[in-house]
Protein chains: 2
Amino acid sequence: MTHHELPVFFLSMAIVLFSARSLGELARRFNQPAVLGELLAGIVLGPTVLGALAPDLQAALFPRDGALPIAFQAITTLAIALFLLVAGLDVDLSSVFRQGRSSLVISFFGIVVPFLFGFLSAWLLPRTLGAEPDSDRLVFALFVGTALSISALPVIAKTLLDLDMYRSDLGMVVISVAVIDDLVGWILFAVILGMMGGGANGAFSVPMTITLTLVFTLLMLTLGRWIIHRILPHVQAYTSWPGGILGFAVVGGLLCAAFTEWIGIHAIFGAFLFGVALGDSRHLREKTRHTLENFVSFIFAPIFFGTIGLRVNFAAHFDAPLVAWVLVIACTGKMVGCSWAGRMAGLSWRESLAVSVGMNARGGMGIILALLALEAGLIRERMFVALVVMSLFTSVIAGDLMQRLLKREKVTRFLDFLSPAGFVRRLEATDRRAAIEELSAVASKALGWKTDRIAQAVWMREQMVPTGIGEDVAIPHARLPGLPGPLVVVGLSRRGIDFDSPDGEPARLVFLILTPEGDNKTQLEILRDIGRAFHDPSVREAALHADSYVEFVAALKSAAR
Amino acid sequence: MTHHELPVFFLSMAIVLFSARSLGELARRFNQPAVLGELLAGIVLGPTVLGALAPDLQAALFPRDGALPIAFQAITTLAIALFLLVAGLDVDLSSVFRQGRSSLVISFFGIVVPFLFGFLSAWLLPRTLGAEPDSDRLVFALFVGTALSISALPVIAKTLLDLDMYRSDLGMVVISVAVIDDLVGWILFAVILGMMGGGANGAFSVPMTITLTLVFTLLMLTLGRWIIHRILPHVQAYTSWPGGILGFAVVGGLLCAAFTEWIGIHAIFGAFLFGVALGDSRHLREKTRHTLENFVSFIFAPIFFGTIGLRVNFAAHFDAPLVAWVLVIACTGKMVGCSWAGRMAGLSWRESLAVSVGMNARGGMGIILALLALEAGLIRERMFVALVVMSLFTSVIAGDLMQRLLKREKVTRFLDFLSPAGFVRRLEATDRRAAIEELSAVASKALGWKTDRIAQAVWMREQMVPTGIGEDVAIPHARLPGLPGPLVVVGLSRRGIDFDSPDGEPARLVFLILTPEGDNKTQLEILRDIGRAFHDPSVREAALHADSYVEFVAALKSAAR
């Protein structure tokens, strides 16, 4: 890179990362997967939007010749290999085996049915499904089948966490099914790449590439897994912590990536399989997992997904009938397969449908698969755009539909009812009654009520049983007739106020919780959420030192051990 | 990158990272800075060794044309920018201000004296100090002065930690001095780069570049610091954790890097200053710091330092007289300046010398500076090699010399006296006496002694005051005449054995500690180390589940929260 190119290199990377992270955050705000926002960032910065509005600026930031495209490719190539390594870590094979029959049944039909739907449609109507005149009909049909049969583990995991169902029985089934679908989907895709193949140097014949792929997969999932499990304690015992294990993970991922790239399938397949083998060892610490995951999901993944939109003009290659076809076949195949299998496995209709909606989400995995197919020349831009739109659309509808089908409600968070005006930095009160008066005055201001109307109700309740719950926290509360909705006010007291806690300590975090008279549930949920949020002493310490509402919220999110 | 190049890309990266990490670990084993090993890895893989032994293999792994050199440059460019961002995080300006006069005095003379030594030698004897005939005498002399006046904060910090002096008064002074030297050294170097300069597009005149550099530095350390401190709570409160803050750090670092590269000084200066400004905010959580540091120090830094040796033939460009000159001037300047100033600031002679030996270490910072000077055409290979050797040599001698001068001893670790043979996976004993017998039998086997000789002494001691210390741990011990050296044996008991602990709980980790009769100190140090190591319940839990000595050691290192 020349001295002209280096500033552009840093600037473009900063812009991509910033845009992808920001739109990713926005997507999360609306309960959508971050990948939706990250992909949109690239579309905005790429030929589709910026290229149409300000072609010169776009070309200056993301030039198409010179050293910069190669530099960018190097970063994104590394990024996606690490992303798949981390995705592999999440594939918990042991827990799949523990789930047993029902997940196996659902995942089997959840792959076979959409695969057949995709394969047959593409075989019978290749042109309608975006095959180019020169593509191999069999390979193309196999690819479409595979592209429609994978699932997006991260999107599904996030949805289950939002619904507080991750550890439920149904949640475990869904995760196991997604794990198997992910794994089988990638193996199928690797075989397809092999079929087009010939290896990096054209050194391998197609059958050889496929044989090597299958042997490598089998070895990594058995012997490789066993060896890694044996080596890990040695790495952790005899090298610096956590440098040894981080280096081991990345080196292993890169080596496997080099191998799979060399035999003629894509590098990320090797990185993914190494991740699966590594993630399965109980010697791998949660902390190591988190260090890798945090850096990769929040730095490398946004850079990778943020650059996809730079390559393709999504407007010019948007082929509405094709998009519609792909969407219909993708959703029908997956949902028919999964919900039917769910019923067979003994789930209720609602549960089966919910599982099928979850499995239907293709998220980042669908996008990566489409991109690799585009790079390999298996598909062209219009089919790529159709697959990306399908992946995003199926992910966007998944969370909301699952929630409705299962009639679950989002977990109540007390923060949703606390506004900046409801934060009292320093309580002046030194006793319970005065503290309740002080916080009630704040609440009444927000409501436009008289202070007494609130303070009296809360004080009456307080006199029945004191509301100090220990661990620095007190939660005076009342249910009030005519209250439009739940309201939380918090006051910090450095000295502490005696709320007659069971641990005998004064309360330094006093929450006034007001809920409408008829609503019994919300109050309990808010109480539970507060207790949970402030159980960790380091959170309480950080929260007590907050000088503003924003610092208080920041402490809550960031201070937990 | 083509399909031929991609496998090589992954393979070379894996080889560089593996070699750099492995030799880095080896260096640490000998109490040397990791950068020594990382640099050696590159020398082995580069033209110096592998290129001489197997030139074809070397050229195949690290080709000099095509897309691969650019791809490698992209990764290392990003790596070094992130490395300097993290180095900046460690620069704690607030604590420097708190240290006050003595650090200011020492750092002032610790920069000025070696700078003058270097500047004058290079000005008077430019050819002897490796100036090329065509180089600008003033710029060259300024560079030599700067290169000799910087210090390596990470090496110094590591040495102080090893000597358990990081939090001592003297340790704090040393760190503050190193911080100031680092900062001033980089600003000086940026100005020198500016003097050669003209900006990325030749758009800036030399005075303009220098003005911009100084204004940017000043702004980042004042206004920038203040703004970042204000923004951080908002980032943490309103974005996902820890994605928001990680993205913020990297985007900020990249933007500043782009700016400094654009005005004609190096990108890493901008990343470094952003790190300084960010690291100074008390809103930045330790966890965020660790995530960045772990990934950068153990993945990016080894890749960066591991590739330096690929560029230069260290054997061909090794100029012994030049190396000797650089070493002598570097050591004299820094040590005269620092030790003299140390005396003035009221330190004892020994302390002053120890500080000067510590400051004399140039470590990774000296190497980076030399590399940038080489890339900028300020120096040629032979001076580069001399500066690298000087940086490494000064770092290698620092730790040992400081230890001798301060008559400090390394912290005693009980692990040094525990061997695989001294690990009992399952104690069969169910009471104190039997447990002591069982562990004594293991110890006596290692020593070739009779069991009774040990067991009786330990049991006599045990009867005086029981050795259960609570938190699952018991530490039966004895001092034995004729014992060649300290010996530790550990036994795990799932059920627990009553050692009459103050917390009333049985001991599940029983350590038998034997020390020679005359040695009163070691026993206490081992006891203290065990108490500290197992204070964290998650460490105890992981240690109790260890199935082997290796897993036990791995648990100790990796399980702490």
# chains A, B, ... in the order shown; residues from 1 in each chain; ligands from 1

call {"tool": "residues_around", "arguments": {"residues": "B:Gly88", "least_positions_apart": "2", "cutoff": "12 Å", "atoms": "only C-alpha atoms", "output": "PyMOL selection string"}}
result
chain B and resi 81-86+90-93+153-154+179-180+182-183+186+220-221+249+253+268-280+289+292-293+365

call {"tool": "interface_residues", "arguments": {"of": "chain A", "to": "chain B", "cutoff": "7 Å", "atoms": "only C-alpha atoms", "output": "VMD selection string"}}
result
chain A and resid 1 3 to 4 6 to 8 10 to 11 14 17 to 18 21 25 67 70 to 71 74 to 75 200 to 201 233 to 234 236 to 237 239 to 241 243 246 to 247 251 254 to 255 257 to 259 261 to 262 291 294 298 to 299 550 to 551 553 to 554 557 to 558

call {"tool": "write_last_selection", "arguments": {"atoms": "N, CA and C atoms", "output": "tab-separated table (two decimals), in the first residue's frame"}}
result
chain	number	residue	atom	x	y	z
A	1	MET	N	0.85	-1.20	0.00
A	1	MET	CA	0.00	0.00	0.00
A	1	MET	C	0.88	1.25	0.00
A	3	HIS	N	1.58	5.56	0.27
A	3	HIS	CA	1.20	6.58	1.24
A	3	HIS	C	-0.12	7.24	0.89
A	4	HIS	N	-0.53	7.09	-0.39
A	4	HIS	CA	-1.87	7.58	-0.74
A	4	HIS	C	-2.93	6.63	-0.22
A	6	LEU	N	-2.74	4.29	2.33
A	6	LEU	CA	-2.85	3.95	3.76
A	6	LEU	C	-3.94	4.74	4.50
A	7	PRO	N	-3.99	6.07	4.33
A	7	PRO	CA	-5.06	6.78	5.05
A	7	PRO	C	-6.44	6.29	4.63
A	8	VAL	N	-6.60	5.98	3.33
A	8	VAL	CA	-7.90	5.49	2.86
A	8	VAL	C	-8.21	4.14	3.50
A	10	PHE	N	-7.32	2.97	6.45
A	10	PHE	CA	-7.82	3.14	7.82
A	10	PHE	C	-9.20	3.81	7.84
A	11	LEU	N	-9.36	4.83	6.99
A	11	LEU	CA	-10.62	5.56	6.99
A	11	LEU	C	-11.78	4.64	6.55
A	14	ALA	N	-12.68	2.24	9.21
A	14	ALA	CA	-13.39	2.91	10.30
A	14	ALA	C	-14.83	3.17	9.89
A	17	LEU	N	-16.82	-0.17	9.78
A	17	LEU	CA	-17.08	-0.69	11.12
A	17	LEU	C	-18.09	0.18	11.86
A	18	PHE	N	-17.93	1.50	11.75
A	18	PHE	CA	-18.85	2.40	12.43
A	18	PHE	C	-20.27	2.22	11.90
A	21	ARG	N	-21.67	-1.28	12.87
A	21	ARG	CA	-22.01	-1.37	14.29
A	21	ARG	C	-23.24	-0.52	14.61
A	25	GLU	N	-26.72	-1.94	15.89
A	25	GLU	CA	-27.34	-1.57	17.17
A	25	GLU	C	-28.79	-1.16	16.95
A	67	ALA	N	-3.85	-1.52	-4.53
A	67	ALA	CA	-3.63	-2.48	-3.45
A	67	ALA	C	-4.82	-2.58	-2.50
A	70	ILE	N	-7.21	-5.62	-2.41
A	70	ILE	CA	-6.55	-6.81	-1.87
A	70	ILE	C	-6.43	-6.70	-0.34
A	71	ALA	N	-6.08	-5.50	0.13
A	71	ALA	CA	-5.96	-5.29	1.57
A	71	ALA	C	-7.29	-5.58	2.25
A	74	ALA	N	-8.01	-9.23	2.34
A	74	ALA	CA	-7.24	-9.93	3.37
A	74	ALA	C	-7.94	-9.83	4.71
A	75	ILE	N	-8.39	-8.61	5.05
A	75	ILE	CA	-9.06	-8.43	6.35
A	75	ILE	C	-10.37	-9.21	6.39
A	200	ALA	N	-6.99	-26.31	-4.97
A	200	ALA	CA	-6.35	-25.02	-5.13
A	200	ALA	C	-5.46	-25.00	-6.36
A	201	ASN	N	-4.76	-26.08	-6.59
A	201	ASN	CA	-3.84	-26.10	-7.71
A	201	ASN	C	-4.38	-26.99	-8.82
A	233	PRO	N	-5.67	-29.09	28.37
A	233	PRO	CA	-5.12	-28.84	29.72
A	233	PRO	C	-3.62	-28.55	29.68
A	234	HIS	N	-2.90	-29.21	28.77
A	234	HIS	CA	-1.47	-28.95	28.67
A	234	HIS	C	-1.21	-27.51	28.21
A	236	GLN	N	-3.14	-25.01	28.65
A	236	GLN	CA	-3.49	-24.07	29.71
A	236	GLN	C	-2.52	-24.14	30.89
A	237	ALA	N	-1.96	-25.32	31.12
A	237	ALA	CA	-1.07	-25.47	32.27
A	237	ALA	C	0.32	-24.91	31.98
A	239	THR	N	1.40	-22.79	29.30
A	239	THR	CA	1.63	-21.53	28.58
A	239	THR	C	0.99	-20.41	29.39
A	240	SER	N	1.31	-19.18	28.99
A	240	SER	CA	0.76	-18.05	29.71
A	240	SER	C	-0.75	-18.00	29.47
A	241	TRP	N	-1.45	-17.52	30.44
A	241	TRP	CA	-2.91	-17.45	30.36
A	241	TRP	C	-3.34	-16.03	30.06
A	243	GLY	N	-2.99	-16.27	26.82
A	243	GLY	CA	-2.32	-16.20	25.52
A	243	GLY	C	-2.19	-17.55	24.85
A	246	LEU	N	-5.68	-18.79	23.45
A	246	LEU	CA	-6.13	-17.95	22.33
A	246	LEU	C	-5.30	-18.25	21.09
A	247	GLY	N	-3.98	-18.32	21.27
A	247	GLY	CA	-3.11	-18.64	20.15
A	247	GLY	C	-3.43	-20.01	19.57
A	251	VAL	N	-4.50	-20.41	15.75
A	251	VAL	CA	-3.59	-21.18	14.90
A	251	VAL	C	-4.30	-22.41	14.34
A	254	LEU	N	-6.74	-21.42	11.64
A	254	LEU	CA	-6.07	-21.03	10.40
A	254	LEU	C	-5.51	-22.23	9.66
A	255	LEU	N	-4.94	-23.18	10.41
A	255	LEU	CA	-4.36	-24.37	9.76
A	255	LEU	C	-5.45	-25.17	9.05
A	257	ALA	N	-8.26	-24.04	8.06
A	257	ALA	CA	-8.73	-23.21	6.94
A	257	ALA	C	-7.81	-23.41	5.74
A	258	ALA	N	-6.50	-23.38	5.98
A	258	ALA	CA	-5.55	-23.57	4.88
A	258	ALA	C	-5.77	-24.92	4.23
A	259	PHE	N	-6.01	-25.95	5.06
A	259	PHE	CA	-6.17	-27.30	4.51
A	259	PHE	C	-7.41	-27.39	3.62
A	261	GLU	N	-9.09	-25.05	2.18
A	261	GLU	CA	-8.92	-24.21	0.98
A	261	GLU	C	-8.06	-24.95	-0.05
A	262	TRP	N	-7.05	-25.64	0.46
A	262	TRP	CA	-6.10	-26.33	-0.42
A	262	TRP	C	-6.76	-27.50	-1.15
A	291	THR	N	-13.80	-14.05	25.19
A	291	THR	CA	-12.81	-13.16	24.58
A	291	THR	C	-12.87	-13.30	23.07
A	294	ASN	N	-16.43	-12.01	21.75
A	294	ASN	CA	-16.63	-10.57	21.79
A	294	ASN	C	-15.87	-9.89	20.68
A	298	PHE	N	-18.10	-8.52	17.44
A	298	PHE	CA	-18.34	-7.08	17.46
A	298	PHE	C	-17.31	-6.30	16.63
A	299	ILE	N	-16.25	-6.95	16.17
A	299	ILE	CA	-15.28	-6.25	15.32
A	299	ILE	C	-15.22	-6.93	13.95
A	550	VAL	N	-27.50	8.25	32.97
A	550	VAL	CA	-26.76	7.51	31.95
A	550	VAL	C	-25.67	6.64	32.58
A	551	GLU	N	-24.94	7.20	33.53
A	551	GLU	CA	-23.91	6.41	34.19
A	551	GLU	C	-24.51	5.25	34.97
A	553	VAL	N	-27.29	3.58	34.17
A	553	VAL	CA	-27.64	2.53	33.20
A	553	VAL	C	-26.38	1.85	32.69
A	554	ALA	N	-25.34	2.66	32.43
A	554	ALA	CA	-24.08	2.10	31.94
A	554	ALA	C	-23.50	1.12	32.96
A	557	LYS	N	-25.21	-2.26	32.91
A	557	LYS	CA	-24.90	-3.13	31.77
A	557	LYS	C	-23.48	-3.65	31.82
A	558	SER	N	-22.58	-2.81	32.30
A	558	SER	CA	-21.17	-3.13	32.07
A	558	SER	C	-20.44	-3.64	33.30

call {"tool": "select_by_dssp", "arguments": {"residues": "stretch 404-440 of chain A", "states": "helix (DSSP H, G or I)", "output": "NGL selection string"}}
result
:A and (404-406 or 414-417 or 432-440)

call {"tool": "write_last_selection", "arguments": {"atoms": "C-alpha atoms", "output": "short mmCIF file (atom, residue, chain, number, x, y, z; two decimals), in the first residue's frame"}}
result
data_model
loop_
_atom_site.label_atom_id
_atom_site.label_comp_id
_atom_site.auth_asym_id
_atom_site.auth_seq_id
_atom_site.Cartn_x
_atom_site.Cartn_y
_atom_site.Cartn_z
CA ARG A 404 -46.94 -15.03 19.22
CA LEU A 405 -47.16 -18.75 18.58
CA LEU A 406 -45.84 -19.61 22.02
CA PHE A 414 -37.38 -2.42 35.42
CA LEU A 415 -35.26 -0.13 33.22
CA ASP A 416 -38.19 0.13 30.79
CA PHE A 417 -40.09 2.03 33.47
CA ARG A 432 -37.50 5.53 55.51
CA ARG A 433 -40.42 7.91 55.67
CA ALA A 434 -38.45 10.87 54.36
CA ALA A 435 -36.94 8.75 51.56
CA ILE A 436 -40.40 7.62 50.47
CA GLU A 437 -41.60 11.26 50.53
CA GLU A 438 -38.62 12.35 48.47
CA LEU A 439 -39.01 9.68 45.82
CA SER A 440 -42.80 10.12 45.73
#

call {"tool": "residues_around", "arguments": {"residues": "A:Val177", "least_positions_apart": "2", "cutoff": "7 Å", "atoms": "only C-alpha atoms", "output": "PyMOL selection string"}}
result
chain A and resi 103-104+106-107+173-175+179-181

call {"tool": "write_last_selection", "arguments": {"atoms": "N, CA and C atoms", "output": "mmCIF file, in the first residue's frame"}}
result
data_model
loop_
_atom_site.group_PDB
_atom_site.id
_atom_site.type_symbol
_atom_site.label_atom_id
_atom_site.label_comp_id
_atom_site.auth_asym_id
_atom_site.auth_seq_id
_atom_site.Cartn_x
_atom_site.Cartn_y
_atom_site.Cartn_z
ATOM 1 N N SER A 103 -34.943 -34.266 18.702
ATOM 2 C CA SER A 103 -34.171 -33.334 17.884
ATOM 3 C C SER A 103 -33.681 -34.007 16.618
ATOM 4 N N LEU A 104 -33.330 -35.286 16.722
ATOM 5 C CA LEU A 104 -32.840 -35.967 15.522
ATOM 6 C C LEU A 104 -33.937 -36.055 14.466
ATOM 7 N N ILE A 106 -36.652 -34.121 14.153
ATOM 8 C CA ILE A 106 -36.988 -32.811 13.581
ATOM 9 C C ILE A 106 -35.882 -32.337 12.652
ATOM 10 N N SER A 107 -34.612 -32.519 13.064
ATOM 11 C CA SER A 107 -33.565 -31.985 12.208
ATOM 12 C C SER A 107 -33.462 -32.780 10.916
ATOM 13 N N VAL A 173 -34.365 -28.331 22.451
ATOM 14 C CA VAL A 173 -34.657 -29.078 21.221
ATOM 15 C C VAL A 173 -34.366 -28.207 20.006
ATOM 16 N N VAL A 174 -34.875 -26.966 20.057
ATOM 17 C CA VAL A 174 -34.697 -26.073 18.919
ATOM 18 C C VAL A 174 -33.209 -25.870 18.635
ATOM 19 N N ILE A 175 -32.434 -25.625 19.708
ATOM 20 C CA ILE A 175 -30.997 -25.382 19.522
ATOM 21 C C ILE A 175 -30.317 -26.610 18.920
ATOM 22 N N VAL A 179 -28.286 -26.854 15.470
ATOM 23 C CA VAL A 179 -26.884 -27.284 15.423
ATOM 24 C C VAL A 179 -26.684 -28.324 14.334
ATOM 25 N N ILE A 180 -27.560 -29.331 14.334
ATOM 26 C CA ILE A 180 -27.413 -30.403 13.338
ATOM 27 C C ILE A 180 -27.614 -29.838 11.928
ATOM 28 N N ASP A 181 -28.643 -28.991 11.763
ATOM 29 C CA ASP A 181 -28.914 -28.417 10.443
ATOM 30 C C ASP A 181 -27.721 -27.625 9.934
#

call {"tool": "residues_around", "arguments": {"residues": "B:Phe304", "least_positions_apart": "3", "cutoff": "6 Å", "atoms": "only C-alpha atoms", "output": "number ranges by chain"}}
result
B: 76, 301, 307

call {"tool": "atom_distance", "arguments": {"atom1": "atom CA of B:Gly130", "atom2": "atom CA of B:Ala316"}}
result
15.0 Å

call {"tool": "residues_around", "arguments": {"residues": "B:Phe189", "least_positions_apart": "6", "cutoff": "10 Å", "atoms": "only C-alpha atoms", "output": "list in words"}}
result
Leu142, Phe143, Val144, Gly145, Thr146, Ala147, Ile150, Leu183, Met195, Ile265, His266, Phe269, Leu369, Leu372 and Ala373 of chain B

call {"tool": "closest_residue", "arguments": {"among": "A:Asn313, A:Thr430, A:Thr451, A:Ser281", "to": "A:Ser95", "atoms": "only C-alpha atoms"}}
result
A:Ser281

call {"tool": "atom_distance", "arguments": {"atom1": "atom CA of B:Ile156", "atom2": "atom CA of B:His535"}}
result
28.3 Å

call {"tool": "residues_around", "arguments": {"residues": "A:Ala341", "least_positions_apart": "2", "cutoff": "7 Å", "atoms": "only C-alpha atoms", "output": "list in words"}}
result
Val105, Ile106, Phe109, Gly337, Cys338, Ser339, Arg343, Met344 and Ala345 of chain A

call {"tool": "write_last_selection", "arguments": {"atoms": "C-alpha atoms", "output": "short mmCIF file (atom, residue, chain, number, x, y, z; two decimals), in the first residue's frame"}}
result
data_model
loop_
_atom_site.label_atom_id
_atom_site.label_comp_id
_atom_site.auth_asym_id
_atom_site.auth_seq_id
_atom_site.Cartn_x
_atom_site.Cartn_y
_atom_site.Cartn_z
CA VAL A 105 -36.26 -36.49 13.96
CA ILE A 106 -36.99 -32.81 13.58
CA PHE A 109 -36.95 -33.79 8.21
CA GLY A 337 -40.62 -30.25 7.12
CA CYS A 338 -40.11 -28.97 10.63
CA SER A 339 -43.70 -28.65 11.76
CA ARG A 343 -45.79 -33.25 15.47
CA MET A 344 -44.22 -36.67 14.93
CA ALA A 345 -41.79 -35.99 17.75
#

call {"tool": "atom_distance", "arguments": {"atom1": "atom CA of B:Gly100", "atom2": "atom CA of B:Leu353"}}
result
20.1 Å

call {"tool": "closest_residue", "arguments": {"among": "B:Gln403, B:Ser168, B:Ser176, B:Ser395", "to": "B:Ala354", "atoms": "only C-alpha atoms"}}
result
B:Gln403

call {"tool": "closest_residue", "arguments": {"among": "A:Leu23, A:Val155, A:Val323, A:Val442", "to": "A:Leu39", "atoms": "only C-alpha atoms"}}
result
A:Leu23

call {"tool": "residues_around", "arguments": {"residues": "B:Ala320", "least_positions_apart": "3", "cutoff": "12 Å", "atoms": "only C-alpha atoms", "output": "PDB file with C-alpha atoms, in the first residue's frame"}}
result
ATOM      1  CA  THR B 128      29.989   5.703  12.562  1.00  0.00           C
ATOM      2  CA  LEU B 129      26.347   5.659  13.692  1.00  0.00           C
ATOM      3  CA  GLY B 130      25.095   4.286  10.441  1.00  0.00           C
ATOM      4  CA  PHE B 314      19.639  -9.991  10.142  1.00  0.00           C
ATOM      5  CA  ALA B 315      22.843 -11.890   9.410  1.00  0.00           C
ATOM      6  CA  ALA B 316      23.781 -10.037   6.239  1.00  0.00           C
ATOM      7  CA  HIS B 317      23.094  -6.636   7.757  1.00  0.00           C
ATOM      8  CA  VAL B 323      25.835  -2.504  17.028  1.00  0.00           C
ATOM      9  CA  ALA B 324      28.494  -1.897  19.688  1.00  0.00           C
ATOM     10  CA  TRP B 325      28.368   1.879  19.230  1.00  0.00           C
ATOM     11  CA  VAL B 326      24.593   2.019  19.405  1.00  0.00           C
ATOM     12  CA  LEU B 327      24.548  -0.197  22.491  1.00  0.00           C
ATOM     13  CA  ARG B 382      22.287  -2.164   9.121  1.00  0.00           C
ATOM     14  CA  MET B 383      21.140   0.620  11.458  1.00  0.00           C
ATOM     15  CA  VAL B 385      19.438  -4.333  12.842  1.00  0.00           C
ATOM     16  CA  ALA B 386      21.608  -2.419  15.317  1.00  0.00           C
ATOM     17  CA  LEU B 387      18.571  -0.716  16.858  1.00  0.00           C
ATOM     18  CA  VAL B 389      19.579  -5.725  18.786  1.00  0.00           C
ATOM     19  CA  MET B 390      19.970  -2.804  21.173  1.00  0.00           C
TER      20      MET B 390
END

call {"tool": "decode", "arguments": {"residues": "stretch 457-473 of chain B", "atoms": "N, CA and C atoms", "output": "short mmCIF file (atom, residue, chain, number, x, y, z; two decimals), in the first residue's frame"}}
result
data_model
loop_
_atom_site.label_atom_id
_atom_site.label_comp_id
_atom_site.auth_asym_id
_atom_site.auth_seq_id
_atom_site.Cartn_x
_atom_site.Cartn_y
_atom_site.Cartn_z
N ALA B 457 6.35 -36.18 62.02
CA ALA B 457 6.62 -34.76 62.23
C ALA B 457 5.38 -33.93 61.90
N VAL B 458 4.73 -34.27 60.80
CA VAL B 458 3.55 -33.50 60.38
C VAL B 458 2.42 -33.68 61.39
N TRP B 459 2.23 -34.91 61.84
CA TRP B 459 1.14 -35.18 62.78
C TRP B 459 1.38 -34.48 64.12
N MET B 460 2.65 -34.45 64.57
CA MET B 460 2.95 -33.71 65.81
C MET B 460 2.58 -32.25 65.66
N ARG B 461 2.97 -31.67 64.53
CA ARG B 461 2.64 -30.26 64.27
C ARG B 461 1.12 -30.07 64.22
N GLU B 462 0.43 -31.01 63.57
CA GLU B 462 -1.02 -30.93 63.40
C GLU B 462 -1.74 -30.93 64.75
N GLN B 463 -1.16 -31.72 65.70
CA GLN B 463 -1.83 -31.83 67.00
C GLN B 463 -1.74 -30.55 67.82
N MET B 464 -0.70 -29.76 67.55
CA MET B 464 -0.57 -28.49 68.28
C MET B 464 -1.69 -27.53 67.90
N VAL B 465 -1.77 -27.19 66.62
CA VAL B 465 -2.89 -26.37 66.11
C VAL B 465 -3.34 -27.00 64.81
N PRO B 466 -4.63 -27.30 64.67
CA PRO B 466 -5.10 -27.92 63.42
C PRO B 466 -4.87 -26.96 62.24
N THR B 467 -4.64 -27.54 61.05
CA THR B 467 -4.22 -26.71 59.91
C THR B 467 -5.31 -26.47 58.87
N GLY B 468 -6.57 -26.74 59.21
CA GLY B 468 -7.64 -26.33 58.29
C GLY B 468 -7.73 -24.82 58.29
N ILE B 469 -7.62 -24.19 57.13
CA ILE B 469 -7.66 -22.72 57.09
C ILE B 469 -8.96 -22.22 56.49
N GLY B 470 -9.90 -23.11 56.24
CA GLY B 470 -11.18 -22.70 55.69
C GLY B 470 -11.13 -22.61 54.18
N GLU B 471 -12.29 -22.31 53.59
CA GLU B 471 -12.40 -22.24 52.12
C GLU B 471 -11.89 -23.51 51.47
N ASP B 472 -12.27 -24.65 52.00
CA ASP B 472 -11.96 -25.97 51.43
C ASP B 472 -10.51 -26.42 51.60
N VAL B 473 -9.65 -25.58 52.18
CA VAL B 473 -8.21 -25.87 52.16
C VAL B 473 -7.68 -26.25 53.54
#
